[in-house]
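Just final_17.cif here, mmCIF, C-alpha atoms:
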data_model
loop_
_atom_site.label_atom_id
_atom_site.label_comp_id
_atom_site.auth_asym_id
_atom_site.auth_seq_id
_atom_site.Cartn_x
_atom_site.Cartn_y
_atom_site.Cartn_z
CA MET A 3 -31.88 -16.85 18.77
CA PRO A 4 -28.17 -16.59 17.76
CA ALA A 5 -26.52 -13.18 17.96
CA CYS A 6 -26.42 -12.82 14.19
CA ASP A 7 -30.15 -13.58 13.99
CA ASN A 8 -30.85 -10.99 16.70
CA ALA A 9 -29.00 -8.36 14.69
CA ASN A 10 -30.79 -9.35 11.48
CA PHE A 11 -34.14 -9.14 13.27
CA VAL A 12 -33.42 -5.64 14.56
CA GLN A 13 -32.33 -4.48 11.12
CA THR A 14 -35.39 -5.87 9.35
CA GLN A 15 -37.86 -4.60 11.95
CA THR A 16 -36.58 -1.03 12.23
CA ALA A 17 -35.27 1.85 10.13
CA LEU A 18 -32.17 3.95 10.72
CA GLY A 19 -33.21 7.45 11.69
CA ARG A 20 -32.61 10.39 13.99
CA MET A 21 -34.64 12.07 16.71
CA SER A 22 -35.18 15.82 16.37
CA PHE A 23 -34.13 16.37 19.98
CA VAL A 24 -30.79 14.56 19.53
CA PRO A 25 -30.07 14.74 15.79
CA GLU A 26 -26.39 13.96 16.31
CA ILE A 27 -27.14 10.26 16.90
CA ALA A 28 -28.46 7.74 14.36
CA LEU A 29 -30.56 4.87 15.72
CA HIS A 30 -32.39 1.78 14.48
CA LEU A 31 -35.94 2.71 15.50
CA ALA A 32 -39.52 1.63 15.01
CA SER A 33 -41.69 3.92 12.94
CA ALA A 34 -45.01 3.82 11.15
CA VAL A 35 -43.33 2.11 8.17
CA THR A 36 -41.55 -0.63 10.15
CA PRO A 37 -43.10 -4.01 11.09
CA ILE A 38 -42.29 -3.91 14.82
CA TRP A 39 -44.35 -0.73 15.22
CA GLN A 40 -47.51 -2.68 14.38
CA ALA A 41 -46.63 -5.85 16.33
CA THR A 42 -49.32 -7.19 18.65
CA GLU A 43 -48.89 -8.89 22.00
CA VAL A 44 -49.78 -12.20 20.33
CA TRP A 45 -47.12 -11.66 17.65
CA LEU A 46 -44.52 -10.97 20.33
CA ALA A 47 -45.58 -13.95 22.45
CA GLU A 48 -45.32 -16.30 19.49
CA ARG A 49 -41.68 -15.24 19.12
CA ASP A 50 -40.92 -15.31 22.86
CA MET A 51 -40.18 -11.58 22.77
CA ASP A 52 -40.50 -8.89 25.39
CA PRO A 53 -42.13 -5.61 24.30
CA PRO A 54 -39.62 -3.88 21.99
CA PHE A 55 -38.65 -1.00 24.28
CA TRP A 56 -35.27 -1.04 22.51
CA ALA A 57 -36.92 0.14 19.28
CA PHE A 58 -37.78 3.57 20.65
CA ALA A 59 -35.74 6.49 21.99
CA TRP A 60 -37.55 7.13 25.27
CA PRO A 61 -37.61 10.65 26.76
CA GLY A 62 -35.24 9.85 29.64
CA GLY A 63 -32.52 8.52 27.36
CA GLN A 64 -32.89 11.45 24.99
CA ALA A 65 -32.54 13.94 27.85
CA LEU A 66 -29.39 12.23 29.13
CA ALA A 67 -27.91 12.19 25.65
CA ARG A 68 -28.72 15.86 25.14
CA TYR A 69 -27.09 16.82 28.44
CA VAL A 70 -23.95 14.80 27.72
CA LEU A 71 -23.53 16.17 24.20
CA ASP A 72 -23.99 19.73 25.49
CA ASN A 73 -21.69 19.10 28.48
CA PRO A 74 -19.04 16.64 27.23
CA ALA A 75 -16.66 17.40 30.10
CA SER A 76 -19.14 15.67 32.43
CA VAL A 77 -18.10 12.26 31.05
CA ALA A 78 -14.88 12.84 29.09
CA GLY A 79 -12.14 10.48 30.26
CA ARG A 80 -14.49 8.66 32.64
CA ARG A 81 -15.81 5.08 32.74
CA VAL A 82 -19.54 5.15 32.01
CA LEU A 83 -22.41 2.71 32.42
CA ASP A 84 -25.66 3.27 30.53
CA PHE A 85 -27.97 1.20 32.75
CA ALA A 86 -31.18 -0.31 31.34
CA ALA A 87 -29.95 1.30 28.15
CA GLY A 88 -32.79 0.53 25.74
CA CYS A 89 -31.58 1.65 22.33
CA GLY A 90 -28.31 2.87 23.87
CA ILE A 91 -28.70 6.54 23.02
CA ALA A 92 -27.21 7.84 26.30
CA GLY A 93 -24.21 5.53 26.14
CA ILE A 94 -23.55 6.45 22.51
CA ALA A 95 -23.63 10.12 23.48
CA CYS A 96 -21.00 9.41 26.15
CA ALA A 97 -18.78 7.65 23.61
CA LEU A 98 -19.11 10.64 21.27
CA ALA A 99 -18.17 12.87 24.21
CA CYS A 100 -14.89 10.96 24.65
CA ALA A 101 -15.69 8.85 27.70
CA ALA A 102 -12.78 6.56 28.57
CA SER A 103 -15.08 3.54 28.20
CA VAL A 104 -18.79 2.92 27.86
CA GLU A 105 -20.86 -0.10 28.83
CA ALA A 106 -24.56 -0.36 28.01
CA ALA A 107 -26.43 -2.89 30.15
CA GLU A 108 -29.65 -4.59 29.01
CA ILE A 109 -31.25 -7.91 29.90
CA ASP A 110 -33.18 -8.12 26.59
CA ARG A 111 -31.11 -9.93 23.95
CA LEU A 112 -32.68 -7.88 21.15
CA ALA A 113 -31.87 -4.66 22.99
CA ARG A 114 -28.24 -5.77 23.21
CA ALA A 115 -28.22 -6.39 19.46
CA ALA A 116 -29.82 -3.00 18.82
CA ILE A 117 -27.26 -1.22 20.99
CA ALA A 118 -24.38 -2.85 19.12
CA LEU A 119 -25.88 -1.87 15.77
CA ASN A 120 -26.58 1.67 16.94
CA ALA A 121 -23.05 2.10 18.25
CA ALA A 122 -21.64 0.88 14.92
CA ALA A 123 -23.92 3.27 13.02
CA ASN A 124 -22.36 6.15 14.97
CA GLY A 125 -18.78 4.90 14.70
CA VAL A 126 -18.25 4.45 18.44
CA SER A 127 -17.32 1.60 20.77
CA VAL A 128 -19.87 0.54 23.38
CA ALA A 129 -19.44 -2.71 25.32
CA VAL A 130 -22.64 -4.69 25.85
CA PRO A 131 -22.30 -7.23 28.69
CA ASP A 132 -24.46 -10.36 28.55
CA ALA A 133 -24.89 -10.69 32.31
CA ASN A 134 -27.44 -8.92 34.48
CA ILE A 135 -25.25 -6.39 36.29
CA VAL A 136 -27.62 -5.51 39.14
CA GLY A 137 -25.67 -6.49 42.25
CA ALA A 138 -22.26 -6.15 40.60
CA ASP A 139 -19.41 -4.27 42.24
CA CYS A 140 -18.85 -0.74 41.01
CA ARG A 141 -16.39 -0.41 38.13
CA TRP A 142 -17.69 2.87 36.74
CA ASP A 143 -17.27 6.59 37.39
CA VAL A 144 -20.65 7.66 35.99
CA ILE A 145 -23.88 5.64 35.78
CA LEU A 146 -26.74 6.91 33.62
CA CYS A 147 -30.31 5.69 34.22
CA GLY A 148 -32.93 6.85 31.75
CA ASP A 149 -36.60 6.37 32.65
CA VAL A 150 -36.09 3.37 34.96
CA CYS A 151 -38.84 4.01 37.55
CA TYR A 152 -41.87 3.09 35.45
CA GLU A 153 -42.90 0.03 37.50
CA ALA A 154 -42.89 -0.64 41.24
CA PRO A 155 -41.10 -4.04 41.03
CA MET A 156 -38.39 -2.62 38.76
CA THR A 157 -37.80 0.35 41.05
CA ALA A 158 -37.66 -1.81 44.18
CA HIS A 159 -35.20 -4.16 42.48
CA ILE A 160 -32.71 -1.60 41.18
CA MET A 161 -32.74 1.33 43.60
CA PRO A 162 -30.91 -0.31 46.54
CA TRP A 163 -28.10 -1.32 44.16
CA LEU A 164 -27.97 2.11 42.52
CA ARG A 165 -27.75 3.78 45.93
CA ARG A 166 -24.79 1.53 46.75
CA MET A 167 -23.22 2.53 43.43
CA ALA A 168 -23.72 6.19 44.36
CA ARG A 169 -21.16 5.75 47.16
CA GLU A 170 -18.45 5.28 44.54
CA ALA A 171 -19.82 6.74 41.31
CA THR A 172 -21.90 9.63 40.05
CA VAL A 173 -25.39 8.25 39.38
CA TRP A 174 -27.82 10.21 37.22
CA VAL A 175 -31.50 9.36 36.93
CA ALA A 176 -33.52 10.93 34.11
CA ASP A 177 -37.23 10.83 34.89
CA PRO A 178 -40.17 12.08 32.78
CA GLY A 179 -42.68 12.03 35.61
CA ARG A 180 -43.09 8.30 36.24
CA ALA A 181 -45.14 7.21 39.24
CA TYR A 182 -42.45 5.23 41.07
CA LEU A 183 -39.59 7.72 41.21
CA PRO A 184 -38.24 7.73 44.79
CA SER A 185 -39.32 10.72 46.86
CA HIS A 186 -35.96 11.22 48.59
CA GLY A 187 -32.24 11.20 47.86
CA LEU A 188 -32.48 12.93 44.49
CA SER A 189 -30.99 16.31 43.55
CA ALA A 190 -32.23 17.89 40.31
CA PHE A 191 -29.63 19.50 38.07
CA ALA A 192 -31.24 19.87 34.62
CA SER A 193 -34.63 19.76 32.92
CA TYR A 194 -35.72 19.34 29.29
CA ARG A 195 -38.92 19.34 27.25
CA VAL A 196 -38.57 16.25 25.09
CA PRO A 197 -40.91 15.68 22.13
CA THR A 198 -42.70 12.33 22.10
CA THR A 199 -45.68 10.72 20.34
CA LEU A 200 -49.15 9.74 21.42
CA GLU A 201 -48.38 6.17 20.38
CA LEU A 202 -45.85 5.98 23.24
CA GLU A 203 -47.02 8.54 25.78
CA ASP A 204 -50.23 10.31 26.77
CA ARG A 205 -48.93 13.67 25.51
CA THR A 206 -46.78 15.11 22.74
CA GLU A 207 -43.91 16.11 25.01
CA ARG A 208 -42.51 15.11 28.36
CA ILE A 209 -40.69 17.30 30.85
CA VAL A 210 -37.68 15.21 31.85
CA THR A 211 -35.73 16.08 34.98
CA LEU A 212 -32.18 14.90 35.49
CA TYR A 213 -31.34 14.02 39.09
CA ARG A 214 -28.16 13.07 40.89
CA LEU A 215 -28.84 10.10 43.14
CA GLY A 216 -27.55 10.16 46.69
CA PHE A 217 -27.01 7.30 49.08
#

Mind turning this structure into structure tokens?
Amino acid sequence: MPACDNANFVQTQTALGRMSFVPEIALHLASAVTPIWQATEVWLAERDMDPPFWAFAWPGGQALARYVLDNPASVAGRRVLDFAAGCGIAGIACALACAASVEAAEIDRLARAAIALNAAANGVSVAVPDANIVGADCRWDVILCGDVCYEAPMTAHIMPWLRRMAREATVWVADPGRAYLPSHGLSAFASYRVPTTLELEDRTERIVTLYRLGF
């Protein structure tokens, strides 16, 4: 699907809105009135689409965004990576907080289109690389990881690289209680109660802890 078609798809399948926990940021999101909310696995498979994780502001990303907006000095003037960025909410928060540069990395082409649209909706610049950056050399000062430990294969794939990045950069992991969060090398520094929905989670709020990752 060409880039322009990706953007058109995101726009037609979502609605521009704001989350109550981070009202400063506008996002193209799925809701009860948008088609993607009601999409089935068959519908997605017919279109060669991954599940639309990019169409939701997940608790980890919201918590990172909230922390950054409340503590802008933590990223101001620094080079930031929003890793596995989803809708890009954490990276957009960093851009609003005057980061020197922001990259938002996603392997899903529709997520990349959504991030670009969301950045434009908030009047900020966020670079969206096409390549899978896992394994890349470190070119960032701060790396944000929102809710990335939800599956064992994903965690095993990314954590060795993130620990290498932690030798040169500050790496934050925001976790809402997922099963595959590593049991060592994490230092908690903030915690939030983030509202969610029963359509996405098994409860109406998640306690999200922000950790600094060590190596």

Exercise for the section: Take CA of Leu18 in chain A and CA of Ala59 in chain A and report the distance between them in Å, one decimal. Expected result: 12.1 Å

Exercise for the section: Within 10 Å of range 106-114 of chain A, counting only C-alpha atoms, which residues show up once you throw out same-chain ones fewer than 2 positions away? Write them as a ChimeraX atom specification, please. Expected result: /A:3-5,7-12,51-57,82-94,104,116-120,128-136,145-146

Exercise for the section: Could you jot down the CA of Asp50 in chain A to CA of Gly148 in chain A separation for me, Å, one decimal place? Expected result: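 These two atoms are separated by 25.2 Å.
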
Practice task
Grab the CA of Leu183 in chain A to CA of Ala67 in chain A distance for me, in Å with one decimal place.
Solution key: 20.0 Å

Problem - Among listed residues A:Pro25, A:Pro37, A:Pro162, A:Gly63, nearest Gly187 in chain A (using only C-alpha atoms) - result: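 Between A:Pro25, A:Pro37, A:Pro162, A:Gly63, the residue approaching Gly187 in chain A most closely is A:Pro162.
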
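Neighbouring residues of Thr36 in chain A at 8 Å or closer, counting only C-alpha atoms and skipping chain neighbours under 5 positions away, are Gln15, Thr16 and Ala17 of chain A.
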
Exercise for the section: For a cut-off of 8 Å around (-30.7, 14.3, 31.2), file coordinates, pick out all residues using all atoms listed in the file and list them as a ChimeraX atom specification. Expected result: /A:62-70,148,174-176,192-194,210-213

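Across A:Met167, A:Leu202, A:Ala115, A:Val196, the tightest approach to Phe217 in chain A is made by A:Met167 when counting all atoms listed in the file.
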
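Among the candidates A:Ala181, A:Ala122, A:Leu215, A:Ala32, the residue lying nearest to Tyr152 in chain A is A:Ala181 (atoms considered: all atoms listed in the file).
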
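Nearest-residue note for Ala168 in chain A: choosing from A:Ile209, A:Ala28, A:Leu98, A:Leu188, the minimum distance belongs to A:Leu188, counting all atoms listed in the file.
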
Handout entry: Test item: the PyMOL selection byres ((chain A and resi 199) around 12) resolved as a PyMOL selection string
Key = chain A and resi 21+33-34+58-61+196-198+200-208

Exercise for the section: Pick out the closest residue to Ser127 in chain A from this set: A:Ala47, A:Ala99, A:Val144, A:Ala154. Count only C-alpha atoms. Expected result: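 So, comparing all the options, the nearest one is A:Ala99.
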
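Proximity to Gly137 in chain A was assessed for A:Arg169, A:Pro184, A:Leu164, A:Ala75 counting all atoms listed in the file; the smallest distance is recorded for A:Leu164.
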
Exercise for the section: Up to 6 Å from (-21.0, 7.2, 16.8) in the file's coordinates: name the residues, counting only C-alpha atoms, as number ranges by chain. Expected result: A: 98, 121, 124-126

Could you model N, CA and C atoms for range 34-58 of chain A and present them as a short mmCIF file (atom, residue, chain, number, x, y, z; two decimals), keeping the file's coordinate frame?
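Printed below is part_29.cif as written:
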data_model
loop_
_atom_site.label_atom_id
_atom_site.label_comp_id
_atom_site.auth_asym_id
_atom_site.auth_seq_id
_atom_site.Cartn_x
_atom_site.Cartn_y
_atom_site.Cartn_z
N ALA A 34 -43.76 4.25 11.77
CA ALA A 34 -45.01 3.82 11.15
C ALA A 34 -44.79 2.91 9.95
N VAL A 35 -43.59 2.92 9.37
CA VAL A 35 -43.33 2.11 8.17
C VAL A 35 -42.56 0.84 8.50
N THR A 36 -42.32 0.57 9.79
CA THR A 36 -41.55 -0.63 10.15
C THR A 36 -42.46 -1.67 10.81
N PRO A 37 -42.19 -2.97 10.59
CA PRO A 37 -43.10 -4.01 11.09
C PRO A 37 -43.27 -4.02 12.61
N ILE A 38 -42.21 -3.79 13.37
CA ILE A 38 -42.29 -3.91 14.82
C ILE A 38 -43.25 -2.89 15.42
N TRP A 39 -43.43 -1.76 14.74
CA TRP A 39 -44.35 -0.73 15.22
C TRP A 39 -45.77 -1.28 15.34
N GLN A 40 -46.15 -2.17 14.43
CA GLN A 40 -47.51 -2.68 14.38
C GLN A 40 -47.64 -4.06 15.04
N ALA A 41 -46.60 -4.53 15.70
CA ALA A 41 -46.63 -5.85 16.33
C ALA A 41 -47.65 -5.88 17.45
N THR A 42 -48.35 -7.01 17.57
CA THR A 42 -49.32 -7.19 18.65
C THR A 42 -48.71 -8.03 19.75
N GLU A 43 -49.37 -8.07 20.89
CA GLU A 43 -48.89 -8.89 22.00
C GLU A 43 -48.84 -10.37 21.60
N VAL A 44 -49.79 -10.81 20.79
CA VAL A 44 -49.78 -12.20 20.33
C VAL A 44 -48.56 -12.46 19.46
N TRP A 45 -48.29 -11.54 18.54
CA TRP A 45 -47.12 -11.66 17.65
C TRP A 45 -45.84 -11.76 18.46
N LEU A 46 -45.71 -10.94 19.49
CA LEU A 46 -44.52 -10.97 20.33
C LEU A 46 -44.44 -12.27 21.12
N ALA A 47 -45.57 -12.73 21.66
CA ALA A 47 -45.58 -13.95 22.45
C ALA A 47 -45.20 -15.16 21.61
N GLU A 48 -45.66 -15.19 20.38
CA GLU A 48 -45.32 -16.30 19.49
C GLU A 48 -43.81 -16.39 19.25
N ARG A 49 -43.12 -15.27 19.36
CA ARG A 49 -41.68 -15.24 19.12
C ARG A 49 -40.88 -15.16 20.42
N ASP A 50 -41.57 -15.36 21.55
CA ASP A 50 -40.92 -15.31 22.86
C ASP A 50 -40.16 -14.01 23.05
N MET A 51 -40.80 -12.90 22.72
CA MET A 51 -40.18 -11.58 22.77
C MET A 51 -40.82 -10.71 23.82
N ASP A 52 -39.99 -9.94 24.53
CA ASP A 52 -40.50 -8.89 25.39
C ASP A 52 -40.97 -7.73 24.52
N PRO A 53 -41.79 -6.82 25.07
CA PRO A 53 -42.13 -5.61 24.30
C PRO A 53 -40.86 -4.92 23.81
N PRO A 54 -40.86 -4.41 22.58
CA PRO A 54 -39.62 -3.88 21.99
C PRO A 54 -39.28 -2.47 22.45
N PHE A 55 -39.02 -2.32 23.75
CA PHE A 55 -38.65 -1.00 24.28
C PHE A 55 -37.38 -0.48 23.62
N TRP A 56 -36.53 -1.39 23.15
CA TRP A 56 -35.27 -1.04 22.51
C TRP A 56 -35.46 -0.34 21.16
N ALA A 57 -36.67 -0.41 20.61
CA ALA A 57 -36.92 0.14 19.28
C ALA A 57 -37.39 1.58 19.31
N PHE A 58 -37.34 2.18 20.49
CA PHE A 58 -37.78 3.57 20.65
C PHE A 58 -36.75 4.34 21.48
#
